[in-house]
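Structure data (PDB, C-alpha atoms) from target_25.pdb:
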ATOM      1  CA  MET G   1       0.000   0.000   0.000
ATOM      2  CA  PRO G   2       1.168   3.600  -0.461
ATOM      3  CA  ARG G   3       2.011   5.876   2.382
ATOM      4  CA  ASP G   4      -0.993   7.680   3.814
ATOM      5  CA  LEU G   5      -1.902   9.772   6.825
ATOM      6  CA  ARG G   6      -2.872   7.704   9.858
ATOM      7  CA  ALA G   7      -3.257   9.081  13.394
ATOM      8  CA  GLY G   8      -1.783  12.327  12.138
ATOM      9  CA  GLY G   9       1.409  10.781  10.740
ATOM     10  CA  GLU G  10       2.517   9.689   7.283
ATOM     11  CA  THR G  11       2.497   5.899   7.503
ATOM     12  CA  HIS G  12       3.476   3.068   5.153
ATOM     13  CA  TRP G  13       1.318  -0.061   4.932
ATOM     14  CA  THR G  14       1.945  -3.566   3.615
ATOM     15  CA  THR G  15      -0.550  -6.386   3.016
ATOM     16  CA  PHE G  16       0.192 -10.117   3.121
ATOM     17  CA  GLY G  17      -2.184 -12.879   2.065
ATOM     18  CA  HIS G  18      -5.764 -12.828   0.866
ATOM     19  CA  GLY G  19      -7.730 -14.906   3.380
ATOM     20  CA  PRO G  20     -11.112 -13.890   4.808
ATOM     21  CA  ARG G  21      -9.932 -13.062   8.334
ATOM     22  CA  ARG G  22      -8.521  -9.590   8.808
ATOM     23  CA  ALA G  23      -5.468  -9.192  11.035
ATOM     24  CA  LEU G  24      -3.267  -6.283  12.057
ATOM     25  CA  ALA G  25       0.426  -6.965  12.777
ATOM     26  CA  ILE G  26       2.775  -4.644  14.691
ATOM     27  CA  HIS G  27       6.522  -5.209  14.334
ATOM     28  CA  CYS G  28       9.378  -4.838  16.826
ATOM     29  CA  THR G  29      11.688  -1.876  17.297
ATOM     30  CA  LEU G  30      14.486  -1.577  14.680
ATOM     31  CA  ALA G  31      12.462  -3.619  12.164
ATOM     32  CA  HIS G  32       9.677  -2.824   9.685
ATOM     33  CA  ALA G  33       6.414  -4.256   8.370
ATOM     34  CA  GLY G  34       8.304  -6.598   6.056
ATOM     35  CA  SER G  35       9.352  -8.659   9.060
ATOM     36  CA  TRP G  36       5.890 -10.274   8.886
ATOM     37  CA  ALA G  37       6.402 -11.541   5.309
ATOM     38  CA  GLY G  38       7.273 -15.110   6.309
ATOM     39  CA  LEU G  39       4.290 -15.461   8.611
ATOM     40  CA  GLY G  40       2.056 -13.677   6.131
ATOM     41  CA  ALA G  41       2.923 -16.298   3.532
ATOM     42  CA  ARG G  42       2.138 -19.110   5.965
ATOM     43  CA  LEU G  43      -1.270 -17.608   6.783
ATOM     44  CA  ALA G  44      -2.068 -16.349   3.266
ATOM     45  CA  GLU G  45      -5.039 -18.638   2.594
ATOM     46  CA  ARG G  46      -6.588 -18.031   5.981
ATOM     47  CA  MET G  47      -5.919 -14.359   6.619
ATOM     48  CA  THR G  48      -5.268 -10.961   5.151
ATOM     49  CA  VAL G  49      -2.523  -9.522   7.333
ATOM     50  CA  ILE G  50      -2.049  -5.768   7.266
ATOM     51  CA  ALA G  51       1.180  -4.434   8.764
ATOM     52  CA  PHE G  52       2.429  -0.877   9.111
ATOM     53  CA  ASP G  53       5.889   0.522   9.624
ATOM     54  CA  LEU G  54       6.056   2.096  13.056
ATOM     55  CA  PRO G  55       6.986   5.793  13.019
ATOM     56  CA  GLY G  56      10.694   6.218  12.377
ATOM     57  CA  HIS G  57      10.910   2.723  10.871
ATOM     58  CA  GLY G  58      10.857   1.449   7.305
ATOM     59  CA  GLN G  59       9.123   3.903   4.981
ATOM     60  CA  THR G  60       7.051   5.639   7.652
ATOM     61  CA  ALA G  61       7.897   9.212   8.584
ATOM     62  CA  PRO G  62       9.448  10.033  11.991
ATOM     63  CA  TRP G  63       7.145  10.369  14.996
ATOM     64  CA  ASP G  64       6.590  14.062  14.289
ATOM     65  CA  ALA G  65       8.669  16.780  12.686
ATOM     66  CA  GLY G  66       8.280  18.912  15.791
ATOM     67  CA  MET G  67       9.573  16.303  18.230
ATOM     68  CA  GLY G  68      13.249  16.621  17.329
ATOM     69  CA  GLU G  69      15.722  13.782  17.125
ATOM     70  CA  VAL G  70      14.776  10.297  18.252
ATOM     71  CA  GLN G  71      17.028  10.639  21.299
ATOM     72  CA  GLY G  72      14.692  13.317  22.618
ATOM     73  CA  LEU G  73      11.479  11.363  22.203
ATOM     74  CA  SER G  74       9.164  10.987  25.144
ATOM     75  CA  ALA G  75       8.655   7.285  25.750
ATOM     76  CA  ALA G  76       5.045   7.906  26.725
ATOM     77  CA  MET G  77       4.519   9.926  23.545
ATOM     78  CA  ALA G  78       5.988   7.190  21.363
ATOM     79  CA  LEU G  79       3.785   4.505  22.906
ATOM     80  CA  ASP G  80       0.722   6.763  22.739
ATOM     81  CA  PHE G  81       1.263   7.444  19.053
ATOM     82  CA  ALA G  82       1.811   3.801  18.169
ATOM     83  CA  THR G  83      -1.309   2.776  20.086
ATOM     84  CA  ASP G  84      -3.415   5.470  18.416
ATOM     85  CA  LEU G  85      -2.107   4.326  15.051
ATOM     86  CA  ALA G  86      -3.021   0.704  15.780
ATOM     87  CA  ALA G  87      -6.490   1.705  16.968
ATOM     88  CA  GLU G  88      -7.178   3.713  13.831
ATOM     89  CA  ALA G  89      -5.899   0.880  11.652
ATOM     90  CA  SER G  90      -8.019  -1.710  13.450
ATOM     91  CA  GLY G  91     -11.122   0.386  12.968
ATOM     92  CA  GLU G  92     -10.427   0.799   9.259
ATOM     93  CA  ILE G  93      -9.428  -2.675   8.117
ATOM     94  CA  ALA G  94     -12.449  -4.538   9.464
ATOM     95  CA  THR G  95     -16.099  -3.756  10.028
ATOM     96  CA  GLY G  96     -15.984  -5.711  13.266
ATOM     97  CA  THR G  97     -13.057  -6.811  15.398
ATOM     98  CA  VAL G  98      -9.597  -7.837  14.150
ATOM     99  CA  ASP G  99      -7.036 -10.439  15.073
ATOM    100  CA  LEU G 100      -4.203  -8.390  16.552
ATOM    101  CA  MET G 101      -0.604  -9.647  16.443
ATOM    102  CA  GLY G 102       2.451  -7.984  17.901
ATOM    103  CA  HIS G 103       6.125  -8.807  18.353
ATOM    104  CA  SER G 104       8.383  -7.360  21.073
ATOM    105  CA  PHE G 105       7.632  -3.603  21.331
ATOM    106  CA  GLY G 106       4.796  -4.168  18.886
ATOM    107  CA  ALA G 107       3.314  -6.725  21.278
ATOM    108  CA  THR G 108       3.286  -4.148  24.077
ATOM    109  CA  VAL G 109       1.351  -1.823  21.761
ATOM    110  CA  ALA G 110      -1.099  -4.624  20.952
ATOM    111  CA  LEU G 111      -1.529  -5.415  24.634
ATOM    112  CA  ARG G 112      -2.257  -1.810  25.484
ATOM    113  CA  LEU G 113      -4.789  -1.567  22.669
ATOM    114  CA  ALA G 114      -6.571  -4.670  23.970
ATOM    115  CA  VAL G 115      -6.785  -3.031  27.412
ATOM    116  CA  GLU G 116      -8.005   0.335  26.149
ATOM    117  CA  ARG G 117     -10.142  -0.712  23.142
ATOM    118  CA  PRO G 118     -11.401  -4.261  23.665
ATOM    119  CA  ASP G 119     -14.185  -3.511  21.185
ATOM    120  CA  LEU G 120     -11.607  -3.614  18.371
ATOM    121  CA  VAL G 121      -9.866  -6.887  19.214
ATOM    122  CA  ARG G 122     -11.142 -10.385  18.374
ATOM    123  CA  SER G 123      -7.979 -12.218  19.433
ATOM    124  CA  LEU G 124      -4.528 -11.272  20.605
ATOM    125  CA  VAL G 125      -1.165 -12.832  19.682
ATOM    126  CA  LEU G 126       1.743 -11.573  21.786
ATOM    127  CA  ILE G 127       5.174 -12.735  20.645
ATOM    128  CA  GLU G 128       7.591 -11.956  23.465
ATOM    129  CA  PRO G 129       6.199  -8.587  24.563
ATOM    130  CA  VAL G 130       8.996  -6.588  26.177
ATOM    131  CA  LEU G 131       6.911  -5.067  28.946
ATOM    132  CA  PHE G 132       9.754  -5.420  31.447
ATOM    133  CA  ALA G 133       7.606  -3.827  34.143
ATOM    134  CA  VAL G 134       5.752  -7.141  34.491
ATOM    135  CA  ALA G 135       8.904  -9.029  35.475
ATOM    136  CA  PHE G 136      10.075  -6.177  37.703
ATOM    137  CA  ALA G 137       6.736  -6.127  39.543
ATOM    138  CA  ASP G 138       6.749  -9.874  40.163
ATOM    139  CA  ASP G 139      10.422 -10.330  41.085
ATOM    140  CA  PRO G 140      12.365  -7.606  42.948
ATOM    141  CA  GLY G 141      15.656  -8.984  41.632
ATOM    142  CA  ALA G 142      14.642  -9.078  37.972
ATOM    143  CA  ARG G 143      15.649  -5.504  37.208
ATOM    144  CA  ALA G 144      19.179  -5.925  38.538
ATOM    145  CA  ARG G 145      19.654  -9.115  36.512
ATOM    146  CA  TYR G 146      18.330  -7.446  33.382
ATOM    147  CA  GLU G 147      20.581  -4.413  33.823
ATOM    148  CA  ALA G 148      23.574  -6.703  34.331
ATOM    149  CA  ASP G 149      22.765  -8.532  31.094
ATOM    150  CA  MET G 150      22.467  -5.205  29.270
ATOM    151  CA  SER G 151      25.511  -3.558  30.867
ATOM    152  CA  GLY G 152      27.672  -3.715  27.729
ATOM    153  CA  TYR G 153      24.974  -1.998  25.707
ATOM    154  CA  ALA G 154      24.379   0.605  28.439
ATOM    155  CA  ARG G 155      28.087   1.478  28.720
ATOM    156  CA  ALA G 156      28.363   1.929  24.967
ATOM    157  CA  MET G 157      25.296   4.156  24.828
ATOM    158  CA  ALA G 158      26.594   6.267  27.712
ATOM    159  CA  ALA G 159      29.845   6.727  25.811
ATOM    160  CA  GLY G 160      28.023   7.661  22.604
ATOM    161  CA  ASP G 161      29.388   4.593  20.812
ATOM    162  CA  THR G 162      26.309   3.569  18.857
ATOM    163  CA  VAL G 163      28.128   0.933  16.802
ATOM    164  CA  THR G 164      29.209  -0.985  19.898
ATOM    165  CA  ALA G 165      25.799  -0.427  21.472
ATOM    166  CA  ALA G 166      24.073  -1.919  18.438
ATOM    167  CA  ARG G 167      26.463  -4.873  18.424
ATOM    168  CA  GLU G 168      25.869  -5.540  22.133
ATOM    169  CA  PHE G 169      22.111  -5.179  21.762
ATOM    170  CA  THR G 170      21.778  -7.508  18.783
ATOM    171  CA  ALA G 171      23.967 -10.111  20.478
ATOM    172  CA  ILE G 172      21.126 -10.496  23.010
ATOM    173  CA  TRP G 173      18.007  -9.501  21.079
ATOM    174  CA  GLY G 174      18.983 -10.144  17.441
ATOM    175  CA  ASP G 175      18.355 -12.999  15.040
ATOM    176  CA  GLY G 176      21.388 -15.040  16.045
ATOM    177  CA  ARG G 177      23.762 -13.820  13.361
ATOM    178  CA  ASP G 178      27.165 -12.544  14.343
ATOM    179  CA  TRP G 179      27.557  -8.769  14.022
ATOM    180  CA  ASP G 180      30.314  -9.083  11.446
ATOM    181  CA  ALA G 181      28.117 -11.389   9.344
ATOM    182  CA  LEU G 182      25.490  -8.683   8.899
ATOM    183  CA  PRO G 183      25.608  -6.642   5.680
ATOM    184  CA  GLU G 184      27.395  -3.328   6.102
ATOM    185  CA  ALA G 185      24.194  -1.404   5.329
ATOM    186  CA  ALA G 186      22.321  -3.318   8.041
ATOM    187  CA  ARG G 187      25.039  -2.586  10.623
ATOM    188  CA  ALA G 188      24.966   1.104   9.708
ATOM    189  CA  ALA G 189      21.165   1.247  10.020
ATOM    190  CA  LEU G 190      21.226  -0.467  13.409
ATOM    191  CA  ALA G 191      23.884   1.917  14.708
ATOM    192  CA  ARG G 192      21.892   4.880  13.408
ATOM    193  CA  ASP G 193      18.596   3.748  14.937
ATOM    194  CA  ILE G 194      19.779   2.196  18.211
ATOM    195  CA  PRO G 195      18.792   5.329  20.228
ATOM    196  CA  MET G 196      15.181   4.200  19.698
ATOM    197  CA  ILE G 197      15.822   1.474  22.270
ATOM    198  CA  ASP G 198      16.605   3.960  25.014
ATOM    199  CA  ALA G 199      13.758   6.213  23.876
ATOM    200  CA  ALA G 200      11.239   3.428  24.411
ATOM    201  CA  GLY G 201      12.833   2.121  27.625
ATOM    202  CA  PRO G 202      10.830   4.051  30.233
ATOM    203  CA  ALA G 203       7.528   3.070  28.620
ATOM    204  CA  LEU G 204       8.495  -0.585  28.916
ATOM    205  CA  MET G 205      10.181  -0.532  32.312
ATOM    206  CA  GLU G 206       7.846   1.795  34.203
ATOM    207  CA  ASP G 207       4.481   0.894  32.604
ATOM    208  CA  VAL G 208       3.649   4.512  31.820
ATOM    209  CA  ALA G 209       0.418   3.382  30.132
ATOM    210  CA  GLY G 210      -0.934   1.716  33.268
ATOM    211  CA  VAL G 211      -1.400  -1.704  31.688
ATOM    212  CA  LEU G 212      -0.557  -3.276  35.055
ATOM    213  CA  ALA G 213      -3.145  -1.232  36.933
ATOM    214  CA  PRO G 214      -5.344  -3.452  39.130
ATOM    215  CA  GLY G 215      -7.843  -5.325  37.004
ATOM    216  CA  ALA G 216      -6.682  -3.937  33.637
ATOM    217  CA  LEU G 217      -5.291  -7.133  32.143
ATOM    218  CA  GLU G 218      -7.864  -9.254  33.919
ATOM    219  CA  ARG G 219     -10.598  -7.489  31.921
ATOM    220  CA  ILE G 220      -9.253  -8.675  28.540
ATOM    221  CA  ALA G 221     -11.949 -11.112  27.463
ATOM    222  CA  CYS G 222     -10.596 -12.211  24.071
ATOM    223  CA  PRO G 223      -8.439 -15.319  23.522
ATOM    224  CA  VAL G 224      -4.714 -14.615  23.890
ATOM    225  CA  LEU G 225      -1.689 -16.554  22.645
ATOM    226  CA  LEU G 226       1.617 -15.869  24.403
ATOM    227  CA  LEU G 227       4.414 -17.159  22.207
ATOM    228  CA  GLY G 228       8.142 -17.273  22.944
ATOM    229  CA  GLY G 229      11.416 -18.836  21.896
ATOM    230  CA  SER G 230      13.325 -21.328  24.017
ATOM    231  CA  ALA G 231      16.644 -19.539  23.344
ATOM    232  CA  SER G 232      15.373 -16.034  24.141
ATOM    233  CA  PRO G 233      16.684 -13.819  26.953
ATOM    234  CA  ALA G 234      15.564 -15.116  30.350
ATOM    235  CA  ILE G 235      13.531 -12.039  31.160
ATOM    236  CA  THR G 236      11.113 -12.785  28.301
ATOM    237  CA  GLU G 237       9.983 -15.943  30.101
ATOM    238  CA  ALA G 238       9.419 -13.960  33.303
ATOM    239  CA  ILE G 239       7.284 -11.456  31.384
ATOM    240  CA  THR G 240       5.280 -14.242  29.760
ATOM    241  CA  GLU G 241       4.686 -15.952  33.091
ATOM    242  CA  GLY G 242       3.501 -12.700  34.621
ATOM    243  CA  LEU G 243       1.105 -11.989  31.766
ATOM    244  CA  ALA G 244      -0.226 -15.563  31.740
ATOM    245  CA  ALA G 245      -1.050 -15.219  35.429
ATOM    246  CA  ARG G 246      -3.031 -12.026  34.776
ATOM    247  CA  LEU G 247      -4.789 -12.727  31.475
ATOM    248  CA  PRO G 248      -7.908 -14.874  31.996
ATOM    249  CA  HIS G 249      -7.952 -16.508  28.539
ATOM    250  CA  ALA G 250      -4.260 -16.977  27.748
ATOM    251  CA  ALA G 251      -2.621 -19.969  26.092
ATOM    252  CA  ARG G 252       1.131 -20.394  25.756
ATOM    253  CA  ALA G 253       3.410 -21.852  23.085
ATOM    254  CA  MET G 254       7.173 -22.212  22.836
ATOM    255  CA  ILE G 255       9.264 -22.379  19.652
ATOM    256  CA  GLY G 256      12.164 -24.728  20.265
ATOM    257  CA  GLY G 257      15.574 -23.304  19.396
ATOM    258  CA  ALA G 258      14.226 -19.866  18.540
ATOM    259  CA  GLY G 259      15.437 -16.614  20.006
ATOM    260  CA  HIS G 260      13.675 -13.284  20.301
ATOM    261  CA  MET G 261      13.292 -12.866  16.530
ATOM    262  CA  ALA G 262      11.248 -16.038  16.059
ATOM    263  CA  PRO G 263       8.718 -14.495  13.610
ATOM    264  CA  ILE G 264      11.618 -13.855  11.222
ATOM    265  CA  THR G 265      13.913 -16.813  11.924
ATOM    266  CA  HIS G 266      11.249 -19.507  12.460
ATOM    267  CA  PRO G 267       8.190 -18.486  10.398
ATOM    268  CA  ARG G 268       7.147 -22.094   9.724
ATOM    269  CA  GLN G 269       7.021 -23.060  13.393
ATOM    270  CA  VAL G 270       5.440 -19.793  14.467
ATOM    271  CA  GLY G 271       2.927 -20.052  11.632
ATOM    272  CA  SER G 272       1.935 -23.547  12.748
ATOM    273  CA  GLU G 273       1.277 -22.315  16.279
ATOM    274  CA  LEU G 274      -0.789 -19.414  14.968
ATOM    275  CA  GLN G 275      -2.846 -21.685  12.743
ATOM    276  CA  ARG G 276      -3.632 -23.942  15.721
ATOM    277  CA  PHE G 277      -4.606 -20.909  17.772
ATOM    278  CA  PHE G 278      -6.847 -19.426  15.068
ATOM    279  CA  ASP G 279      -8.525 -22.802  14.554
ATOM    280  CA  GLU G 280      -9.955 -22.354  18.038
ATOM    281  CA  VAL G 281     -10.770 -18.639  17.860
TER     282      VAL G 281
END

Any chance you could give the structure as structure tokens?
Amino acid sequence: MPRDLRAGGETHWTTFGHGPRRALAIHCTLAHAGSWAGLGARLAERMTVIAFDLPGHGQTAPWDAGMGEVQGLSAAMALDFATDLAAEASGEIATGTVDLMGHSFGATVALRLAVERPDLVRSLVLIEPVLFAVAFADDPGARARYEADMSGYARAMAAGDTVTAAREFTAIWGDGRDWDALPEAARAALARDIPMIDAAGPALMEDVAGVLAPGALERIACPVLLLGGSASPAITEAITEGLAARLPHAARAMIGGAGHMAPITHPRQVGSELQRFFDEV
């Protein structure tokens, strides 16, 4: 699809498949809508999957020309905008409710939308949502362990070394490829965009949207699939456990051998789990 104005921002859209069910997919930070291509192909007969590039990603314009550089973004503002964008998209692509899928940061947007606009959501697929606040709330030691794991990245960012920061970040959260094996253009793009990780951090660590407010998650009435990879960072399992304990209609699935980027690295296995889930929805 061409770029068009959505939620006040110029946004690029992509469509996968041609099936009767209408789904909206929200990608992770540092990616783009094309990251859903593998899954879209697997679900093509069953679903029409519409994915947008988050602001500042892919072919979508930055968050807003008046907000300055990405380093100065308000985390709350970024999450607000992405959620508004998803809500507008959901209302446009289907006359009723939609199947909503999100990965990583995109899954936190999907989760928030399900809390705030349950009238738009038929089912919810959350692939390793990085709402770290869940793990921090359930385990007082989780934050210290997470910060220790991310210390190399944090030191590089503090020193302004975005190349090292991107290398350290992708070593934990990437698709399993060694940094030096990535194409030069991909390494340059990651180093350029890595400040987006810090920009979104407070929204994910402090729950600025209030998703963990008493009763908020417990009110989500639609079916939910929580999907993770067995080789993902340990904190993702803690987040999934915390969400499963709060969501009344949650099922879980694990992709053996997959890391955090399972939708890209393991589309066949992820697609099989999604097909089983949608068979029951």

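The closest residue to Phe278 in chain G, picked from G:Ala188, G:Ala203, G:Ala258, G:Met47 and counting only C-alpha atoms, is G:Met47.
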
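Taking CA of Ala44 in chain G and CA of Gln275 in chain G as endpoints, the distance between them is 10.9 Å.
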
List every protein, DNA or RNA residue that has at least one atom no more than 6 Å from (-0.3, -14.2, 14.6) in the file's coordinates, counting only C-alpha atoms, and write the result as a compact mmCIF listing (two decimals) with C-alpha atoms, in the coordinates of the input.
# COMPACT_ATOMS: atom_id res chain seq x y z
CA MET G 101 -0.60 -9.65 16.44
CA VAL G 125 -1.16 -12.83 19.68
CA LEU G 274 -0.79 -19.41 14.97

| task | Can you give me, as an MDAnalysis selection string, the residues this file yields under the PyMOL selection byres ((chain G and resi 23-32) around 9)? | result | chainID G and resid 21:22 33:36 47:54 56:59 86 89:90 93:94 98:107 109:110 189:190 193:194 196:197 200 261

| message | Assuming the chain letters and numbering stay as they are in my file, what does the PyMOL selection byres ((chain G and resi 252-256) around 6) actually select? List them as an NGL selection string. | response | :G and (225-230 or 251 or 257-258)
